[in-house]
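Here is model_24.tsv, consisting of TSV, C-alpha atoms (C1' of nucleotides):
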chain	number	residue	atom	x	y	z
A	357	MET	CA	-6.16	-29.53	-16.87
A	358	ILE	CA	-7.19	-28.23	-13.48
A	359	ALA	CA	-6.34	-24.66	-12.57
A	360	GLY	CA	-7.36	-22.16	-9.93
A	361	PRO	CA	-5.60	-20.06	-7.35
A	362	THR	CA	-3.72	-21.76	-4.56
A	363	GLY	CA	-5.84	-23.28	-1.82
A	364	THR	CA	-8.92	-24.17	-3.80
A	365	GLY	CA	-8.58	-27.93	-3.51
A	366	LYS	CA	-7.12	-28.82	-6.89
A	367	SER	CA	-5.01	-31.76	-5.73
A	368	GLU	CA	-7.90	-33.61	-4.10
A	369	LEU	CA	-10.19	-32.99	-7.01
A	370	ALA	CA	-7.57	-34.24	-9.44
A	371	VAL	CA	-7.13	-37.51	-7.58
A	372	ARG	CA	-10.85	-38.17	-7.42
A	373	LEU	CA	-11.25	-37.41	-11.10
A	374	ALA	CA	-8.27	-39.59	-11.98
A	375	GLU	CA	-9.74	-42.48	-10.01
A	376	THR	CA	-13.05	-42.05	-11.73
A	377	ILE	CA	-11.99	-41.65	-15.33
A	378	GLY	CA	-8.78	-43.70	-15.25
A	379	GLY	CA	-6.27	-40.91	-15.23
A	380	GLU	CA	-2.86	-39.96	-13.90
A	381	VAL	CA	-1.90	-36.71	-12.26
A	382	VAL	CA	0.78	-34.51	-13.80
A	383	ASN	CA	2.09	-31.58	-11.80
A	384	TYR	CA	2.55	-28.09	-13.23
A	385	ASP	CA	3.59	-26.31	-10.10
A	386	SER	CA	7.01	-24.72	-10.28
A	387	VAL	CA	7.91	-25.40	-6.64
A	388	GLN	CA	6.47	-28.86	-6.18
A	389	ILE	CA	8.92	-30.13	-8.78
A	390	TYR	CA	11.70	-29.69	-6.20
A	391	ARG	CA	12.73	-32.62	-4.03
A	392	GLY	CA	12.40	-31.92	-0.34
A	393	PHE	CA	10.36	-28.74	-0.60
A	394	ASP	CA	7.25	-30.42	0.72
A	395	ILE	CA	5.57	-28.45	3.48
A	396	GLY	CA	6.00	-24.95	2.07
A	397	SER	CA	4.87	-25.92	-1.41
A	398	ALA	CA	1.75	-27.66	-0.09
A	399	LYS	CA	2.72	-30.79	-1.95
A	400	PRO	CA	-0.04	-33.43	-2.00
A	401	SER	CA	0.32	-35.91	0.85
A	402	ALA	CA	1.75	-39.39	0.42
A	403	GLU	CA	-1.71	-40.85	1.05
A	404	LEU	CA	-3.21	-38.81	-1.73
A	405	ARG	CA	-0.39	-39.64	-4.07
A	406	ALA	CA	-0.70	-43.35	-3.36
A	407	ARG	CA	-4.20	-43.44	-4.77
A	408	VAL	CA	-3.25	-42.70	-8.34
A	409	PRO	CA	0.02	-42.27	-10.28
A	410	HIS	CA	1.56	-38.80	-9.84
A	411	HIS	CA	4.14	-37.35	-12.22
A	412	LEU	CA	6.60	-34.46	-12.22
A	413	PHE	CA	6.73	-34.05	-8.47
A	414	ASP	CA	10.18	-34.22	-6.81
A	415	ILE	CA	12.04	-34.33	-10.08
A	416	VAL	CA	14.85	-31.80	-9.54
A	417	ASP	CA	17.20	-30.67	-6.79
A	418	ALA	CA	17.13	-27.10	-5.58
A	419	ASP	CA	20.46	-26.19	-7.15
A	420	ALA	CA	19.65	-27.61	-10.59
A	421	ASP	CA	18.79	-25.44	-13.56
A	422	PHE	CA	15.15	-25.70	-14.41
A	423	ASN	CA	12.75	-23.47	-16.30
A	424	ALA	CA	9.61	-23.36	-18.34
A	425	ALA	CA	11.30	-24.92	-21.36
A	426	SER	CA	12.61	-27.84	-19.32
A	427	TYR	CA	9.14	-28.23	-17.96
A	428	ALA	CA	7.48	-28.19	-21.35
A	429	ARG	CA	9.82	-30.90	-22.58
A	430	LEU	CA	9.25	-33.17	-19.58
A	431	ALA	CA	5.53	-32.56	-19.62
A	432	GLY	CA	5.39	-33.51	-23.28
A	433	GLU	CA	7.17	-36.80	-22.63
A	434	THR	CA	5.05	-37.58	-19.60
A	435	CYS	CA	1.86	-36.77	-21.41
A	436	SER	CA	2.72	-39.01	-24.35
A	437	ALA	CA	3.59	-41.89	-22.06
A	438	ILE	CA	0.29	-41.63	-20.24
A	439	LEU	CA	-1.68	-41.46	-23.47
A	440	ALA	CA	0.22	-44.48	-24.76
A	441	ARG	CA	-1.10	-46.33	-21.73
A	442	ARG	CA	-4.58	-45.26	-22.86
A	443	ARG	CA	-5.05	-43.27	-19.72
A	444	ALA	CA	-6.00	-39.65	-19.18
A	445	PRO	CA	-3.35	-37.10	-18.20
A	446	LEU	CA	-4.71	-34.71	-15.57
A	447	PHE	CA	-2.56	-31.63	-15.27
A	448	VAL	CA	-2.75	-29.99	-11.87
A	449	GLY	CA	-0.88	-27.00	-10.55
A	450	GLY	CA	-0.67	-23.28	-10.30
A	451	THR	CA	2.12	-22.14	-12.57
A	452	GLY	CA	0.24	-20.78	-15.52
A	453	PHE	CA	3.41	-20.00	-17.38
A	454	TYR	CA	4.60	-23.61	-17.25
A	455	LEU	CA	1.30	-24.89	-18.47
A	456	ARG	CA	1.23	-22.39	-21.30
A	457	ALA	CA	4.77	-23.40	-22.23
A	458	PHE	CA	3.57	-26.96	-22.53
A	459	LEU	CA	0.14	-26.44	-24.07
A	460	GLY	CA	1.10	-23.65	-26.43
A	461	ALA	CA	4.72	-24.66	-26.98
A	462	LEU	CA	7.39	-22.05	-26.43
A	463	PRO	CA	8.60	-20.49	-29.65
A	464	GLU	CA	12.01	-21.43	-31.02
A	465	ILE	CA	14.25	-18.91	-29.37
A	466	PRO	CA	17.77	-18.92	-27.91
A	467	ALA	CA	17.99	-20.70	-24.58
A	468	ARG	CA	19.17	-19.26	-21.31
A	469	ASP	CA	22.94	-18.93	-21.05
A	470	GLU	CA	24.40	-18.80	-17.56
A	471	ALA	CA	27.67	-17.15	-18.60
A	472	ILE	CA	25.86	-14.30	-20.30
A	473	ARG	CA	23.44	-13.93	-17.41
A	474	ALA	CA	26.36	-13.70	-15.01
A	475	ARG	CA	27.86	-10.87	-17.06
A	476	LEU	CA	24.55	-9.04	-17.20
A	477	ARG	CA	24.00	-9.46	-13.51
A	478	ARG	CA	27.42	-8.03	-12.79
A	479	ILE	CA	26.49	-4.92	-14.73
A	480	ALA	CA	23.09	-4.74	-13.05
A	481	SER	CA	24.62	-4.80	-9.58
A	482	ARG	CA	26.62	-1.63	-10.22
A	483	PRO	CA	25.19	1.76	-9.29
A	484	CYS	CA	22.68	2.77	-11.94
A	485	GLY	CA	23.24	-0.67	-13.45
A	486	PRO	CA	19.57	-1.45	-14.12
A	487	SER	CA	18.90	1.82	-15.89
A	488	HIS	CA	22.10	1.37	-17.87
A	489	LEU	CA	20.93	-2.05	-19.04
A	490	HIS	CA	17.55	-0.67	-20.01
A	491	ARG	CA	19.17	2.12	-22.03
A	492	TRP	CA	21.28	-0.50	-23.75
A	493	LEU	CA	18.13	-2.44	-24.52
A	494	SER	CA	16.40	0.59	-26.00
A	495	ARG	CA	19.33	1.03	-28.37
A	496	ILE	CA	19.32	-2.55	-29.66
A	497	ASP	CA	15.60	-3.27	-29.30
A	498	PRO	CA	13.36	-0.21	-28.86
A	499	VAL	CA	10.21	-2.32	-29.15
A	500	SER	CA	11.07	-4.46	-26.16
A	501	ALA	CA	12.45	-1.50	-24.22
A	502	ALA	CA	9.09	0.21	-24.56
A	503	ARG	CA	7.32	-2.87	-23.27
A	504	ILE	CA	9.64	-3.77	-20.40
A	505	ALA	CA	9.94	-1.51	-17.35
A	506	PRO	CA	13.52	-0.56	-16.44
A	507	ALA	CA	13.03	-2.08	-12.99
A	508	ASP	CA	11.91	-5.41	-14.43
A	509	ARG	CA	15.38	-6.91	-14.27
A	510	HIS	CA	14.51	-10.43	-15.27
A	511	ARG	CA	12.92	-9.39	-18.52
A	512	VAL	CA	15.53	-6.76	-19.33
A	513	GLU	CA	18.22	-9.38	-18.83
A	514	ARG	CA	16.47	-11.98	-20.91
A	515	ALA	CA	15.90	-9.56	-23.79
A	516	LEU	CA	19.56	-8.57	-23.79
A	517	GLU	CA	20.60	-12.20	-23.48
A	518	VAL	CA	18.66	-13.22	-26.57
A	519	TRP	CA	20.20	-10.36	-28.50
A	520	MET	CA	23.73	-11.17	-27.35
A	521	ILE	CA	23.34	-14.80	-28.36
A	522	SER	CA	21.61	-14.31	-31.67
A	523	GLY	CA	22.26	-10.73	-32.69
A	524	ARG	CA	18.54	-10.47	-33.15
A	525	PRO	CA	16.16	-8.57	-30.84
A	526	ILE	CA	13.83	-10.75	-28.86
A	527	SER	CA	10.89	-8.80	-30.28
A	528	ASN	CA	11.86	-10.09	-33.73
A	529	TRP	CA	11.61	-13.71	-32.72
A	530	PRO	CA	8.29	-15.42	-33.15
A	531	SER	CA	5.95	-14.45	-30.34
A	532	PRO	CA	3.32	-16.68	-28.86
A	533	SER	CA	0.32	-15.16	-30.51
A	534	ALA	CA	-2.53	-14.87	-28.08
A	535	ASP	CA	-5.15	-15.72	-30.67
A	536	ALA	CA	-3.65	-18.89	-32.03
A	537	PRO	CA	-5.22	-22.03	-30.65
A	538	ASP	CA	-3.14	-24.12	-28.26
A	539	ALA	CA	-0.82	-26.58	-29.94
A	540	ARG	CA	-2.37	-29.25	-27.72
A	541	PRO	CA	-6.07	-29.57	-27.09
A	542	ALA	CA	-7.18	-29.62	-23.48
A	543	ILE	CA	-10.23	-29.51	-21.30
A	544	LYS	CA	-9.57	-26.66	-18.93
A	545	ILE	CA	-11.28	-26.39	-15.58
A	546	ALA	CA	-10.60	-23.63	-13.08
A	547	LEU	CA	-11.71	-23.65	-9.46
A	548	SER	CA	-12.77	-20.45	-7.78
A	549	LEU	CA	-13.65	-19.29	-4.30
A	550	ASP	CA	-14.88	-15.92	-3.24
A	551	ARG	CA	-12.12	-13.73	-1.95
A	552	ALA	CA	-13.09	-13.65	1.72
A	553	GLN	CA	-13.36	-17.41	1.89
A	554	SER	CA	-10.11	-17.90	0.06
A	555	VAL	CA	-8.23	-15.52	2.37
A	556	GLY	CA	-9.43	-17.41	5.44
A	557	ILE	CA	-8.33	-20.76	4.04
A	558	LEU	CA	-4.96	-19.42	2.94
A	559	ASP	CA	-4.15	-17.76	6.26
A	560	GLN	CA	-4.96	-20.95	8.08
A	561	ARG	CA	-2.98	-23.08	5.70
A	562	VAL	CA	0.12	-20.94	6.18
A	563	GLU	CA	-0.15	-21.26	9.96
A	564	GLU	CA	-0.44	-25.01	9.58
A	565	MET	CA	2.68	-25.10	7.42
A	566	TYR	CA	4.73	-23.47	10.15
A	567	ARG	CA	3.20	-25.73	12.76
A	568	ALA	CA	3.95	-28.75	10.60
A	569	GLY	CA	7.64	-27.87	10.56
A	570	LEU	CA	8.36	-25.52	7.69
A	571	ILE	CA	11.25	-24.00	9.63
A	572	GLU	CA	12.78	-27.41	10.30
A	573	GLU	CA	12.34	-28.47	6.72
A	574	THR	CA	14.07	-25.31	5.57
A	575	ARG	CA	16.91	-25.80	8.04
A	576	THR	CA	17.48	-29.30	6.71
A	577	LEU	CA	17.36	-28.20	3.09
A	578	LEU	CA	19.91	-25.50	3.86
A	579	THR	CA	22.43	-28.14	4.87
A	580	ARG	CA	22.23	-29.56	1.35
A	581	PHE	CA	21.67	-26.54	-0.87
A	582	SER	CA	22.97	-23.01	-1.12
A	583	ARG	CA	20.73	-20.35	0.37
A	584	THR	CA	20.70	-18.71	-3.06
A	585	SER	CA	19.06	-21.71	-4.70
A	586	ARG	CA	15.95	-20.80	-6.61
A	587	PRO	CA	13.24	-22.35	-4.43
A	588	PHE	CA	14.49	-20.50	-1.37
A	589	THR	CA	13.08	-17.31	-2.89
A	590	THR	CA	9.55	-18.67	-3.03
A	591	ILE	CA	6.68	-17.89	-0.71
A	592	GLY	CA	7.19	-19.48	2.66
A	593	TYR	CA	10.77	-20.60	2.11
A	594	ARG	CA	12.05	-17.04	1.78
A	595	GLU	CA	10.53	-16.19	5.17
A	596	ALA	CA	11.53	-19.48	6.80
A	597	LEU	CA	15.09	-18.87	5.61
A	598	ALA	CA	15.06	-15.48	7.31
A	599	VAL	CA	13.90	-17.09	10.54
A	600	VAL	CA	16.61	-19.75	10.37
A	601	GLU	CA	19.22	-17.06	9.79
A	602	GLY	CA	17.82	-15.00	12.63
A	603	THR	CA	16.87	-11.93	10.61
A	604	MET	CA	13.12	-12.32	11.08
A	605	ALA	CA	10.89	-13.20	14.00
A	606	LEU	CA	8.63	-16.21	13.60
A	607	ARG	CA	5.49	-14.12	14.04
A	608	ASP	CA	6.55	-11.74	11.29
A	609	ALA	CA	7.48	-14.63	9.02
A	610	VAL	CA	4.02	-16.13	9.33
A	611	ALA	CA	2.36	-12.79	8.62
A	612	GLU	CA	4.64	-12.10	5.67
A	613	THR	CA	4.03	-15.54	4.21
A	614	GLN	CA	0.29	-15.05	4.54
A	615	ARG	CA	0.54	-11.66	2.87
A	616	ARG	CA	2.56	-12.99	-0.05
A	617	THR	CA	0.29	-16.01	-0.41
A	618	ARG	CA	-2.74	-13.76	-0.74
A	619	ALA	CA	-0.98	-11.62	-3.33
A	620	TYR	CA	0.00	-14.76	-5.19
A	621	ALA	CA	-3.55	-16.05	-5.33
A	622	LYS	CA	-4.59	-12.72	-6.74
A	623	ARG	CA	-1.89	-12.82	-9.41
A	624	GLN	CA	-3.03	-16.30	-10.36
A	625	MET	CA	-6.54	-14.98	-10.87
A	626	THR	CA	-5.24	-12.29	-13.16
A	627	TRP	CA	-3.36	-14.88	-15.18
A	628	LEU	CA	-6.35	-17.20	-15.38
A	629	ARG	CA	-8.66	-14.46	-16.58
A	630	GLY	CA	-6.54	-14.27	-19.71
A	631	GLU	CA	-6.64	-18.00	-20.31
A	632	ARG	CA	-8.93	-19.08	-23.12
A	633	ASN	CA	-11.55	-21.85	-23.03
A	634	LEU	CA	-11.56	-22.04	-19.30
A	635	VAL	CA	-14.61	-23.29	-17.44
A	636	TRP	CA	-14.98	-21.92	-13.93
A	637	ILE	CA	-16.39	-24.10	-11.19
A	638	ASP	CA	-17.18	-22.92	-7.70
A	639	ALA	CA	-14.98	-24.72	-5.19
A	640	SER	CA	-16.80	-24.07	-1.94
A	641	ASP	CA	-18.42	-27.50	-1.85
A	642	PRO	CA	-16.09	-30.39	-2.84
A	643	GLU	CA	-18.95	-32.74	-3.76
A	644	HIS	CA	-20.55	-30.24	-6.04
A	645	THR	CA	-17.18	-29.31	-7.52
A	646	PHE	CA	-16.40	-32.93	-8.26
A	647	SER	CA	-19.68	-33.69	-9.98
A	648	ALA	CA	-19.62	-30.48	-11.97
A	649	ALA	CA	-16.07	-31.16	-13.12
A	650	LEU	CA	-16.86	-34.74	-14.01
A	651	GLN	CA	-19.92	-33.71	-15.95
A	652	HIS	CA	-17.93	-31.15	-17.88
A	653	ILE	CA	-15.26	-33.68	-18.78
A	654	GLU	CA	-17.77	-36.30	-19.89
A	655	GLN	CA	-19.53	-33.81	-22.10
A	656	HIS	CA	-16.29	-33.12	-23.92
A	657	LEU	CA	-15.21	-36.71	-24.14
A	658	ARG	CA	-18.49	-37.58	-25.79
A	659	ARG	CA	-17.81	-34.96	-28.40
A	660	PRO	CA	-14.05	-35.11	-28.89
A	661	GLY	CA	-14.35	-32.96	-31.98
A	662	GLU	CA	-14.93	-29.97	-29.77
A	663	LEU	CA	-11.66	-30.45	-28.05
B	559	G	C1'	-1.26	14.29	42.36
B	560	G	C1'	3.45	15.67	39.46
B	561	A	C1'	6.66	15.54	34.76
B	562	G	C1'	6.90	14.65	29.81
B	563	A	C1'	5.24	12.74	24.80
B	564	G	C1'	1.50	12.47	21.35
B	565	A	C1'	-3.39	12.69	18.47
B	566	U	C1'	-2.32	12.85	10.34
B	567	G	C1'	-6.25	9.49	4.95
B	568	G	C1'	-8.64	1.68	6.19
B	569	C	C1'	-3.70	0.68	9.09
B	570	U	C1'	1.60	1.95	10.15
B	571	G	C1'	3.96	6.49	9.64
B	572	A	C1'	6.64	11.29	7.40
B	573	G	C1'	5.68	16.33	7.19
B	574	C	C1'	6.23	20.93	11.23
B	575	G	C1'	3.90	28.46	7.69
B	576	G	C1'	2.93	28.55	1.12
B	577	U	C1'	5.51	24.42	-4.16
B	578	U	C1'	0.41	19.46	0.44
B	579	A	C1'	-5.36	15.85	-1.47
B	580	A	C1'	-0.78	15.60	2.25
B	581	A	C1'	6.16	11.31	1.57
B	582	A	C1'	6.82	6.16	2.29
B	583	G	C1'	5.20	1.27	3.47
B	584	C	C1'	0.99	-2.03	4.17
B	585	A	C1'	-3.86	-3.40	2.92
B	586	G	C1'	-7.32	-2.87	-1.44
B	587	C	C1'	-8.34	-2.77	-6.86
B	588	A	C1'	-6.72	-3.47	-11.90
B	589	G	C1'	-2.94	-5.15	-15.15
B	590	A	C1'	1.64	-7.23	-17.55
B	591	C	C1'	3.94	-11.92	-18.24
B	592	U	C1'	8.04	-15.33	-25.35
B	593	G	C1'	13.79	-20.24	-21.01
B	594	U	C1'	14.32	-17.28	-12.76
B	595	A	C1'	7.22	-17.31	-13.18
B	596	A	C1'	5.30	-19.09	-5.59
B	597	A	C1'	9.78	-15.13	-9.74
B	598	U	C1'	9.84	-10.15	-11.75
B	599	C	C1'	7.32	-5.80	-12.78
B	600	U	C1'	3.38	-1.72	-13.91
B	601	G	C1'	-0.90	1.46	-12.95
B	602	C	C1'	-4.95	3.32	-9.69
B	603	C	C1'	-5.91	4.27	-4.72
B	604	G	C1'	-10.67	11.00	-0.10
B	605	G	C1'	-15.38	12.32	-2.78
B	606	G	C1'	-17.90	14.56	-6.98
B	607	C	C1'	-18.22	16.49	-11.92
B	608	C	C1'	-20.31	18.19	-18.74
B	609	A	C1'	-12.91	15.24	-15.79
B	610	C	C1'	-6.12	16.98	-20.22
B	611	G	C1'	-9.66	21.12	-15.85
B	612	C	C1'	-12.89	22.50	-11.86
B	613	C	C1'	-15.58	21.98	-7.17
B	614	C	C1'	-16.27	19.89	-2.22
B	615	U	C1'	-14.43	17.53	2.26
B	616	A	C1'	-9.81	16.45	4.91
B	617	C	C1'	-4.42	16.17	9.41
B	618	G	C1'	-8.70	14.89	17.59
B	619	G	C1'	-12.53	19.37	18.89
B	620	A	C1'	-13.45	24.72	19.37
B	621	G	C1'	-11.48	29.36	18.83
B	622	G	C1'	-7.30	32.69	17.40
B	623	U	C1'	-2.72	34.78	14.74
B	624	U	C1'	-1.56	35.24	9.40
B	625	C	C1'	-2.44	37.35	2.63
B	626	G	C1'	-1.95	31.89	3.68
B	627	A	C1'	-1.90	26.65	8.96
B	628	A	C1'	-1.61	19.62	9.30
B	629	U	C1'	2.40	22.99	10.57
B	630	C	C1'	2.26	28.94	15.25
B	631	C	C1'	-0.96	30.47	19.88
B	632	U	C1'	-5.16	29.47	23.54
B	633	C	C1'	-8.64	26.34	25.72
B	634	C	C1'	-10.98	21.53	25.67
B	635	U	C1'	-11.15	16.06	24.88
B	636	C	C1'	-8.59	11.62	24.59
B	637	U	C1'	-4.10	8.35	24.52
B	638	C	C1'	0.85	6.84	26.04
B	639	U	C1'	5.40	6.89	29.12
B	640	C	C1'	7.79	8.12	33.60
B	641	C	C1'	7.69	9.86	38.87
B	642	A	C1'	4.41	9.61	43.23
Can I see the file as structure tokens?
Amino acid sequence: MIAGPTGTGKSELAVRLAETIGGEVVNYDSVQIYRGFDIGSAKPSAELRARVPHHLFDIVDADADFNAASYARLAGETCSAILARRRAPLFVGGTGFYLRAFLGALPEIPARDEAIRARLRRIASRPCGPSHLHRWLSRIDPVSAARIAPADRHRVERALEVWMISGRPISNWPSPSADAPDARPAIKIALSLDRAQSVGILDQRVEEMYRAGLIEETRTLLTRFSRTSRPFTTIGYREALAVVEGTMALRDAVAETQRRTRAYAKRQMTWLRGERNLVWIDASDPEHTFSAALQHIEQHLRRPGEL
RNA sequence: GGAGAGAUGGCUGAGCGGUUAAAAGCAGCAGACUGUAAAUCUGCCGGGCCACGCCCUACGGAGGUUCGAAUCCUCCUCUCUCCA
């Protein structure tokens, strides 16, 4: 598994490693799974993808339901198939939650229910709705209410949803214990760049996305999918959508996308710091990164017991 | 040359006699994350300390009025807009 904040060169590294050790790339990026969302999600190029088999890219349409559980299921199937071919699955992406769902396995817990979510959202949209929902939560599940901020609408809704479906507070369902080992063994490599360097790369990459036609891509996608579709809320597409609809100037959209991209990279770092058994490799020199990663993998493969 | 407007913490920008180390946003730092996760959310954010409290420095500069001034007055410096 290859991790690291956005813009550290994961995709290229993964392909080189796959070529070298006989592997196949499996995506764990929550936006690159969407068909057509290419430029803004920094999807690996066709040339790169042609070098080695790539999985779980372009697998759903923007208006389809998809979440971490769907991902974990697909990733499991994909992984097994690759192993059956006696090849190495190389997971690459930036959505830590998806990877954890796959590696650690999500606990058995009631699934998302659109009808219930719609009801909850209707309540939330009323004046004082969010605080009302949180008060409701504290009555049925004080433990979760203490943990979840009233403004955190997604989590408040999910906690209430689980209770409405099962009659049992979400805090009573099995929780993914942080200390338990992953259900699946993995060699975990994370790429890192120093902040100043990373910011420069990210800013430039965002400008290139707009130059490469992010606005046009968004305009085209809007003819096929509702503007409320999930991926239109992501970094880049949210701003491009605003430009297409005329509510934001191009200049501002670029700056806003750069800002959100930087914040995202930072959030990814926070997530990764909590990930166990991660080996950090400096990503400023691709050659060095490649050999260090390869060396690390070979060490582990020679002693599979340590996996 | 004339007429206005303004100078606030890294930036944008409120405040316009006390409750103001100074709203809010941004940037920065740290964190959370059990089926929306590139989403959603939380905390810190002038400096110092024997830190649930105290001290220092702060609203262009210098004076002044006042028990008390970022807020009022005077002068100075600089910026912007408009008219010549």
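Using all atoms listed in the file, the nearest neighbour of chain B within the list A:Ile571, A:Leu439, A:Ala619, A:Met565 is A:Ala619.
Residue-level contacts from chain B to chain A at 8 Å, counting all atoms listed in the file, read G589, U592, G593, U594, A595, A596, A597, U598, C599 and U600 of chain B.
You can rank B:A561, B:U639, B:A572, B:U578 by their closest distance to A616 in chain B using all atoms listed in the file, and at the top of that list sits B:U578.
If you measure from each of A:Met357, A:Ala609, A:Ala418, A:Leu404 to Arg580 in chain A using all atoms listed in the file, the closest one turns out to be A:Ala418.
For G564 in chain B, the list of residues within 12 Å, based on only C-alpha atoms (C1' of nucleotides) and with local chain neighbours fewer than 3 positions off taken out, reads G618, C636, U637, C638 and U639 of chain B.
Computed from the coordinates, the CA of Ala605 in chain A to CA of Glu573 in chain A distance equals 17.0 Å.
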Excluding C584 in chain B and any residue of its chain fewer than 3 positions from it, enumerate the residues within 12 Å of it, using only C-alpha atoms (C1' of nucleotides), and give them as a ChimeraX atom specification. /A:611-612,615-616 /B:568-571
Output C-alpha atoms (C1' of nucleotides) for every residue in the selection just made, as an mmCIF file, keeping the file's coordinate frame.
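Result went into selection_37.cif, see below:
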data_model
loop_
_atom_site.group_PDB
_atom_site.id
_atom_site.type_symbol
_atom_site.label_atom_id
_atom_site.label_comp_id
_atom_site.auth_asym_id
_atom_site.auth_seq_id
_atom_site.Cartn_x
_atom_site.Cartn_y
_atom_site.Cartn_z
ATOM 1 C CA ALA A 611 2.360 -12.790 8.620
ATOM 2 C CA GLU A 612 4.640 -12.100 5.670
ATOM 3 C CA ARG A 615 0.540 -11.660 2.870
ATOM 4 C CA ARG A 616 2.560 -12.990 -0.050
ATOM 5 C "C1'" G B 568 -8.640 1.680 6.190
ATOM 6 C "C1'" C B 569 -3.700 0.680 9.090
ATOM 7 C "C1'" U B 570 1.600 1.950 10.150
ATOM 8 C "C1'" G B 571 3.960 6.490 9.640
#
Counting only C-alpha atoms (C1' of nucleotides), what is within 6 Å of Leu547 in chain A, bar same-chain residues fewer than 2 positions away, as a PyMOL selection string? chain A and resi 360+636-639
For the residues in the current selection, export C-alpha atoms as a tab-separated table (two decimals), in the coordinates of the input.
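Output file out15.tsv is given in full below:
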chain	number	residue	atom	x	y	z
A	360	GLY	CA	-7.36	-22.16	-9.93
A	636	TRP	CA	-14.98	-21.92	-13.93
A	637	ILE	CA	-16.39	-24.10	-11.19
A	638	ASP	CA	-17.18	-22.92	-7.70
A	639	ALA	CA	-14.98	-24.72	-5.19
Can you pull out every residue within 10 Å of Pro445 in chain A, counting only C-alpha atoms (C1' of nucleotides), but drop anything in the same chain fewer than 2 positions away, and send it as a PyMOL selection string? chain A and resi 357+374+378-382+410-411+434-439+442-443+447-448+542
Store the residues picked out above, limited to C-alpha atoms, as a short mmCIF file (atom, residue, chain, number, x, y, z; two decimals), in the frame of the given file.
data_model
loop_
_atom_site.label_atom_id
_atom_site.label_comp_id
_atom_site.auth_asym_id
_atom_site.auth_seq_id
_atom_site.Cartn_x
_atom_site.Cartn_y
_atom_site.Cartn_z
CA MET A 357 -6.16 -29.53 -16.87
CA ALA A 374 -8.27 -39.59 -11.98
CA GLY A 378 -8.78 -43.70 -15.25
CA GLY A 379 -6.27 -40.91 -15.23
CA GLU A 380 -2.86 -39.96 -13.90
CA VAL A 381 -1.90 -36.71 -12.26
CA VAL A 382 0.78 -34.51 -13.80
CA HIS A 410 1.56 -38.80 -9.84
CA HIS A 411 4.14 -37.35 -12.22
CA THR A 434 5.05 -37.58 -19.60
CA CYS A 435 1.86 -36.77 -21.41
CA SER A 436 2.72 -39.01 -24.35
CA ALA A 437 3.59 -41.89 -22.06
CA ILE A 438 0.29 -41.63 -20.24
CA LEU A 439 -1.68 -41.46 -23.47
CA ARG A 442 -4.58 -45.26 -22.86
CA ARG A 443 -5.05 -43.27 -19.72
CA PHE A 447 -2.56 -31.63 -15.27
CA VAL A 448 -2.75 -29.99 -11.87
CA ALA A 542 -7.18 -29.62 -23.48
#
Identify which of the residues B:A579, B:A585, B:C602, B:A642 lies closest to C617 in chain B, counting only C-alpha atoms (C1' of nucleotides) when measuring atom-to-atom distances. B:A579
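Rounded to one decimal, CA of Leu650 in chain A and CA of Gln553 in chain A lie 23.8 Å from each other.
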For C633 in chain B, find every residue with an atom within 12 Å (counting all atoms listed in the file), except residues of its own chain fewer than 3 positions away, and show them as a PyMOL selection string. chain B and resi 619-622
From the list A:Glu470, A:Arg540, A:Glu517, A:Glu433, the nearest residue to Leu489 in chain A using only C-alpha atoms is A:Glu517
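You can rank A:Val408, A:Glu595, A:Lys366, A:Arg456 by their closest distance to Gly630 in chain A using only C-alpha atoms, and at the top of that list sits A:Arg456.
When CA of Val600 in chain A is paired with CA of Thr579 in chain A, their separation reads 11.6 Å.
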Axis-aligned box for range 553-561 of chain A, 8 Å per side, centre and edges in Å as lines of an AutoDock Vina configuration file:
center_x = -8.2
center_y = -19.3
center_z = 4.1
size_x = 26.4
size_y = 23.6
size_z = 24.0
Could N, CA and C atoms be built for range 501-508 of chain A and written out as a PDB file, keeping the file's coordinate frame?
ATOM      1  N   ALA A 501      12.158  -2.496 -25.261  1.00  0.00           N
ATOM      2  CA  ALA A 501      12.450  -1.500 -24.220  1.00  0.00           C
ATOM      3  C   ALA A 501      11.183  -0.744 -23.849  1.00  0.00           C
ATOM      4  N   ALA A 502      10.325  -0.510 -24.831  1.00  0.00           N
ATOM      5  CA  ALA A 502       9.090   0.210 -24.560  1.00  0.00           C
ATOM      6  C   ALA A 502       8.123  -0.651 -23.751  1.00  0.00           C
ATOM      7  N   ARG A 503       8.242  -1.963 -23.945  1.00  0.00           N
ATOM      8  CA  ARG A 503       7.320  -2.870 -23.270  1.00  0.00           C
ATOM      9  C   ARG A 503       7.777  -3.260 -21.868  1.00  0.00           C
ATOM     10  N   ILE A 504       9.088  -3.270 -21.665  1.00  0.00           N
ATOM     11  CA  ILE A 504       9.640  -3.770 -20.400  1.00  0.00           C
ATOM     12  C   ILE A 504      10.065  -2.596 -19.519  1.00  0.00           C
ATOM     13  N   ALA A 505       9.576  -2.570 -18.291  1.00  0.00           N
ATOM     14  CA  ALA A 505       9.940  -1.510 -17.350  1.00  0.00           C
ATOM     15  C   ALA A 505      11.401  -1.649 -16.955  1.00  0.00           C
ATOM     16  N   PRO A 506      12.096  -0.525 -16.805  1.00  0.00           N
ATOM     17  CA  PRO A 506      13.520  -0.560 -16.440  1.00  0.00           C
ATOM     18  C   PRO A 506      13.780  -1.372 -15.173  1.00  0.00           C
ATOM     19  N   ALA A 507      12.832  -1.370 -14.253  1.00  0.00           N
ATOM     20  CA  ALA A 507      13.030  -2.080 -12.990  1.00  0.00           C
ATOM     21  C   ALA A 507      12.791  -3.587 -13.126  1.00  0.00           C
ATOM     22  N   ASP A 508      12.234  -3.991 -14.237  1.00  0.00           N
ATOM     23  CA  ASP A 508      11.910  -5.410 -14.430  1.00  0.00           C
ATOM     24  C   ASP A 508      13.163  -6.146 -14.867  1.00  0.00           C
TER      25      ASP A 508
END
